[in-house]
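Undergrad: The structure follows.
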Amino acid sequence: MTTQEHSQAGPDKIHRKAEKPNNHQTPDLDLTKIPVSTLKGVGSEKTALLAKLKIETITDLLLHRPKRYEDRTCLSQIKDLALDEHASVHGEIITCGVKYRRGRSMSVFEAVVEDASGRLRCRWWNMPFLKKIYTKGHRIFVYGKPNNLKPRTMDHPETEFLGDHEENSLLHLNRIVPVYGLTEGIQQRWLRGKIYEATRAYASEVVEPNIAYSKEHPLTYQQAITLLHIPETMQDADSARQRLALEEATTLQEKVQIRRKRFMESMKALPCAHDNRLIKPFLESLPFQLTKAQIRVLAEFREDLSVQHPMRRLLQGDVGSGKTVIAVMAALMVLESGYDASMMAPTTLLAEQHYRTISQWLAPYPIQVALHTGNTKTPTKSELPLFTIGTHALIQSNETSKKLGMVIIDEQHKFGVTQRDKLLRRGAHPHLLVMTATPIPRTMGLTLYGDLDISTLEEMPAGRGSLKTYLRTANSRPKVLSFLKKQIGTGRQAYFVFPRVEEKEESEITAVTKELSVLSEYFAPFRVAMVHGKMKSEEKDRIMRSFSDGETQILLATTVIEVGVDVPNATVMVIEDAEQFGLAQLHQIRGRIGRGLHASHCILIGDETKKEAWERLKVLEQTRDGFLIAEADFKVRGPGELAGKQQSGLPRWRYLDLCKDRPLLESARAEVRRTLGLG
């Protein structure tokens, strides 16, 4: 404990009710403009240190969130203290003094505290000045953990003196004590004291936000700030956090919903009074029945296209749930209304696959389907409605068209918001449909994608082969390779997925480049190829095309195949060092198999000694439900990683926790939408 910490610990330094600085005695204070330096004891040095914690004003100080709380209300008897376990005791100092060692170069101050059950020795090394603070006969609270029981000893415990009439004045002990994040040069006791002073002086001056309080959140904003720093129970602290989180959720939803309202009021949709002349024969020609989920989503699209503002919708569904065919039907509604449509995919290979599939589907109809990638741009005729499928080349083109009626973006998480908006600007407020095979947790849908309506395909079409997932250790690898060899021998194809491109020194994580020669030799005469993100696009496309055409039997890859083409004959996947990936990412990669009629097998090679990661991987073994997996992944990895580097607009909240505050987000969204008249 430092000199500053102990300077407040003596009986004459027990905190009193804080007073506001005289120069700020005004009836209407703006706490966001009052610097922390107005507090007594906060000079230029401390002001600079507090700035490192992003504390510059009284408001910042009041909103500085405790990182945890310690319940120091449960007093123990000294005789019951356990080794290395935190506890609070209360007793009287029966003796104290300084002992010097090594010719006075080292000192230890000792105070022996006694209660009815026994004695506790408290020691502070090289702090001889404490003899001026601690005095025999003073009653004292002590908090710490014993490092010896014979005799019972605590080194550098926290202490606080108790006067005759000051039982309710304790700040650091005998209450629920907040523990704050610090920076070098700022002590816990000092910061706790300053926040306490500011709370007592200014909490009643906090401007009460303009939101209606629900019965589930009865605290006012002022009460929440007070209970955040001066809780009487742990429940008080949690209720305070929830109330402040509600305010953050409301602020977020106000931004999202106001933007949504302005969009609805200012953007006039292109009239899409489609007459079903294309949709009806297209539906009749499909060799399969739509699922109930697909029919429901199609109805949502129809409703969107019938209102006065452009559609802004996110379609989510597992790999293989039938998103593409539904997207094509949405485009047909626009095409039969006389407008054009564009679909953007993240890779040339995927764009080419969509082009081949959609061209085949739409060949009987008076529609021209075009491909626009970095290397290819098919010629078009002006008199027919145009459905263009392409890559980033679509947004690099300077062409604009007032006839562009719909923009479809596949695998939207591979594109940024800016890229999405660029494509939209090629037309006059076209409809927007973005698709993802990575299911989005509900709270992410309420935040990052709050300006989009969300449709979900939670049902898989019939006629798909089974897909089983197995979790195995590295010791099982020989058996896994043997199983793979048999599968390849029957005419199937397989993926090997690795977390790294190249091996790093002193790392046990498997790299794809290292394994190429080893596996090529093992699986000879079958052809083994490698693909990874460091390759040039043309080379990656050539290798993927070779695998898709069946010329390559085994493909070694990194996560570059996460967004890939359909290879129905690929039925086996081995994922090395599976704990290096997120659950949602593993699920997405696993979706590369199980797309044909044959039974498929996904084998995760993991490290059983990493208990937490091993238990997490078992989720994939137990379910193929991408939405359950996404929620589980969200709890482990949090919103930051899931949002991805290319997504923008996800703020850092002090109190709102997306992993557990979904009810607050939904409550805030409903209240804001009601207030804005959005229903």
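Numbering starts fresh at 1 for the residues of each chain in the structure tokens, the chains themselves are lettered A, B, ... in the order given, and ligands are numbered from 1 as they appear.
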Taking a cut-off of 8 Å and counting only C-alpha atoms, can you build a table that, for each residue of stretch 260-352 of chain A near stretch 375-395 of chain A, reports the nearest atom pair and how far apart they are in Å (one decimal), sorted by chain then residue number, as CSV?

TA:
residue,atom,partner,partner_atom,distance
A:Ala331,CA,A:Phe387,CA,7.9
A:Leu335,CA,A:Pro385,CA,5.9
A:Glu336,CA,A:Pro385,CA,7.9
A:Gly338,CA,A:Pro385,CA,6.3
A:Tyr339,CA,A:Pro385,CA,6.1
A:Asp340,CA,A:Leu386,CA,4.8
A:Ala341,CA,A:Phe387,CA,4.8
A:Ser342,CA,A:Thr388,CA,4.7
A:Met343,CA,A:Ile389,CA,4.7
A:Met344,CA,A:Gly390,CA,5.1
A:Ala345,CA,A:Thr391,CA,5.1
A:Pro346,CA,A:Thr391,CA,5.8
A:Thr347,CA,A:Thr391,CA,6.2
A:Thr348,CA,A:Thr391,CA,6.2
A:Ala351,CA,A:Gly390,CA,5.5
A:Glu352,CA,A:Gly390,CA,7.8

Undergrad: Output the selection as a PDB file, in the first residue's frame - N, CA and C atoms for each residue.

TA:
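Output contents, as saved in selection_38.pdb:
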ATOM      1  N   ALA A 331     -35.483 -11.454 -57.602  1.00  0.00           N
ATOM      2  CA  ALA A 331     -35.027 -10.722 -58.790  1.00  0.00           C
ATOM      3  C   ALA A 331     -36.070 -10.808 -59.904  1.00  0.00           C
ATOM      4  N   LEU A 335     -37.575  -8.064 -62.339  1.00  0.00           N
ATOM      5  CA  LEU A 335     -37.365  -8.190 -63.778  1.00  0.00           C
ATOM      6  C   LEU A 335     -38.688  -8.163 -64.542  1.00  0.00           C
ATOM      7  N   GLU A 336     -39.731  -8.818 -63.987  1.00  0.00           N
ATOM      8  CA  GLU A 336     -41.008  -8.821 -64.690  1.00  0.00           C
ATOM      9  C   GLU A 336     -41.732  -7.477 -64.557  1.00  0.00           C
ATOM     10  N   GLY A 338     -40.014  -4.839 -65.328  1.00  0.00           N
ATOM     11  CA  GLY A 338     -39.318  -4.028 -66.327  1.00  0.00           C
ATOM     12  C   GLY A 338     -37.992  -3.454 -65.881  1.00  0.00           C
ATOM     13  N   TYR A 339     -37.495  -3.888 -64.710  1.00  0.00           N
ATOM     14  CA  TYR A 339     -36.217  -3.365 -64.211  1.00  0.00           C
ATOM     15  C   TYR A 339     -35.124  -4.435 -64.277  1.00  0.00           C
ATOM     16  N   ASP A 340     -33.878  -3.978 -64.098  1.00  0.00           N
ATOM     17  CA  ASP A 340     -32.732  -4.889 -64.093  1.00  0.00           C
ATOM     18  C   ASP A 340     -32.384  -5.289 -62.667  1.00  0.00           C
ATOM     19  N   ALA A 341     -31.541  -6.328 -62.543  1.00  0.00           N
ATOM     20  CA  ALA A 341     -31.074  -6.780 -61.228  1.00  0.00           C
ATOM     21  C   ALA A 341     -29.590  -7.113 -61.318  1.00  0.00           C
ATOM     22  N   SER A 342     -28.885  -6.959 -60.183  1.00  0.00           N
ATOM     23  CA  SER A 342     -27.461  -7.313 -60.100  1.00  0.00           C
ATOM     24  C   SER A 342     -27.230  -8.160 -58.869  1.00  0.00           C
ATOM     25  N   MET A 343     -26.365  -9.170 -59.018  1.00  0.00           N
ATOM     26  CA  MET A 343     -25.957  -9.996 -57.872  1.00  0.00           C
ATOM     27  C   MET A 343     -24.438  -9.954 -57.778  1.00  0.00           C
ATOM     28  N   MET A 344     -23.912  -9.620 -56.580  1.00  0.00           N
ATOM     29  CA  MET A 344     -22.469  -9.546 -56.373  1.00  0.00           C
ATOM     30  C   MET A 344     -22.028 -10.663 -55.441  1.00  0.00           C
ATOM     31  N   ALA A 345     -21.012 -11.434 -55.876  1.00  0.00           N
ATOM     32  CA  ALA A 345     -20.435 -12.526 -55.085  1.00  0.00           C
ATOM     33  C   ALA A 345     -18.986 -12.175 -54.743  1.00  0.00           C
ATOM     34  N   PRO A 346     -18.436 -12.736 -53.660  1.00  0.00           N
ATOM     35  CA  PRO A 346     -17.102 -12.326 -53.224  1.00  0.00           C
ATOM     36  C   PRO A 346     -15.946 -12.907 -54.041  1.00  0.00           C
ATOM     37  N   THR A 347     -16.180 -13.977 -54.811  1.00  0.00           N
ATOM     38  CA  THR A 347     -15.096 -14.566 -55.600  1.00  0.00           C
ATOM     39  C   THR A 347     -15.548 -14.799 -57.035  1.00  0.00           C
ATOM     40  N   THR A 348     -14.567 -14.820 -57.930  1.00  0.00           N
ATOM     41  CA  THR A 348     -14.860 -15.080 -59.342  1.00  0.00           C
ATOM     42  C   THR A 348     -15.486 -16.451 -59.518  1.00  0.00           C
ATOM     43  N   ALA A 351     -19.067 -16.428 -58.432  1.00  0.00           N
ATOM     44  CA  ALA A 351     -19.854 -15.670 -59.412  1.00  0.00           C
ATOM     45  C   ALA A 351     -20.100 -16.511 -60.658  1.00  0.00           C
ATOM     46  N   GLU A 352     -19.071 -17.222 -61.103  1.00  0.00           N
ATOM     47  CA  GLU A 352     -19.218 -18.080 -62.288  1.00  0.00           C
ATOM     48  C   GLU A 352     -20.209 -19.205 -62.021  1.00  0.00           C
TER      49      GLU A 352
END

Undergrad: Using DSSP on the backbone, list every residue of stretch 389-611 of chain A that comes out as strand (DSSP E), and give them as an MDAnalysis selection string.

TA: chainID A and resid 389:390 404:409 431:436 453:457 467:473 493:497 528:531 554:557 570:575 600:606

Undergrad: Nearest to A:Ile589 among A:Leu424, A:Val89, A:Ala437, A:Ala529, with distances taken over only C-alpha atoms: which residue is it?

TA: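 Smallest distance to A:Ile589 is found for A:Ala437.
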
Undergrad: I'd like the neighbourhood of stretch 532-540 of chain A as a PyMOL selection string, where a residue qualifies if any of its atoms comes within 12 Å (using only C-alpha atoms), though same-chain residues fewer than 3 positions away should be ignored.

TA: chain A and resi 346-350+373-375+496-502+511-513+516+529+543-547+555-564

Undergrad: Out of A:Tyr655, A:Phe483, A:Trp124, A:Tyr143, which residue has the shortest atom-to-atom distance to A:Phe161 when counting only C-alpha atoms?

TA: A:Tyr143

Undergrad: Can you tell me, as a ChimeraX atom specification, what residues are no more than 10 Å from stretch 41-50 of chain A when counting only C-alpha atoms, ignoring any on the same chain fewer than 2 positions away?

TA: /A:35-39,52-57,60-61,182-186,190-191,194

Undergrad: Quick one: pick out all helix (DSSP H, G or I) residues within stretch 199-434 of chain A from a backbone DSSP run and write them as a ChimeraX atom specification.

TA: /A:199-205,221-229,234-266,279-285,292-304,323-335,348-362,393-396,412-414,417-424

Undergrad: Which value, in Å to one decimal, gives the distance between atom CA of A:His229 and atom CA of A:Ala201?

TA: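 Straight-line distance from atom CA of A:His229 to atom CA of A:Ala201 works out to 12.7 Å.
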
Undergrad: Closest to A:Ile358 among A:Arg68, A:Ser600, A:Val325, A:Thr490, using only C-alpha atoms?

TA: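 Of the candidates, the smallest distance to A:Ile358 is held by A:Val325.
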
Undergrad: Determine the nearest neighbour of A:Pro178 from the options A:Leu433, A:Ala237, A:Ala87, A:Met154, counting only C-alpha atoms.

TA: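 Going through A:Leu433, A:Ala237, A:Ala87, A:Met154 one by one, the smallest distance to A:Pro178 is for A:Ala237.
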
Undergrad: Of the residues A:Glu110, A:Asp661, A:Asp410, A:Asp155, which is the one nearest to A:Thr135, using only C-alpha atoms?

TA: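 Of all the options, A:Glu110 lies closest to A:Thr135.
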
Undergrad: Which one of A:Glu576, A:Glu615, A:Asp541, A:Asp549 sits closest to A:Glu515 if you count only C-alpha atoms?

TA: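 Comparing A:Glu576, A:Glu615, A:Asp541, A:Asp549 against A:Glu515, the winner is A:Glu576.
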
Undergrad: Skip A:Cys272 itself and residues of its chain fewer than 3 positions away, then list as number ranges by chain all residues within 12 Å of it, counting only C-alpha atoms.

TA: A: 268-269, 275-276, 301-311, 330-340, 403-406, 430-431
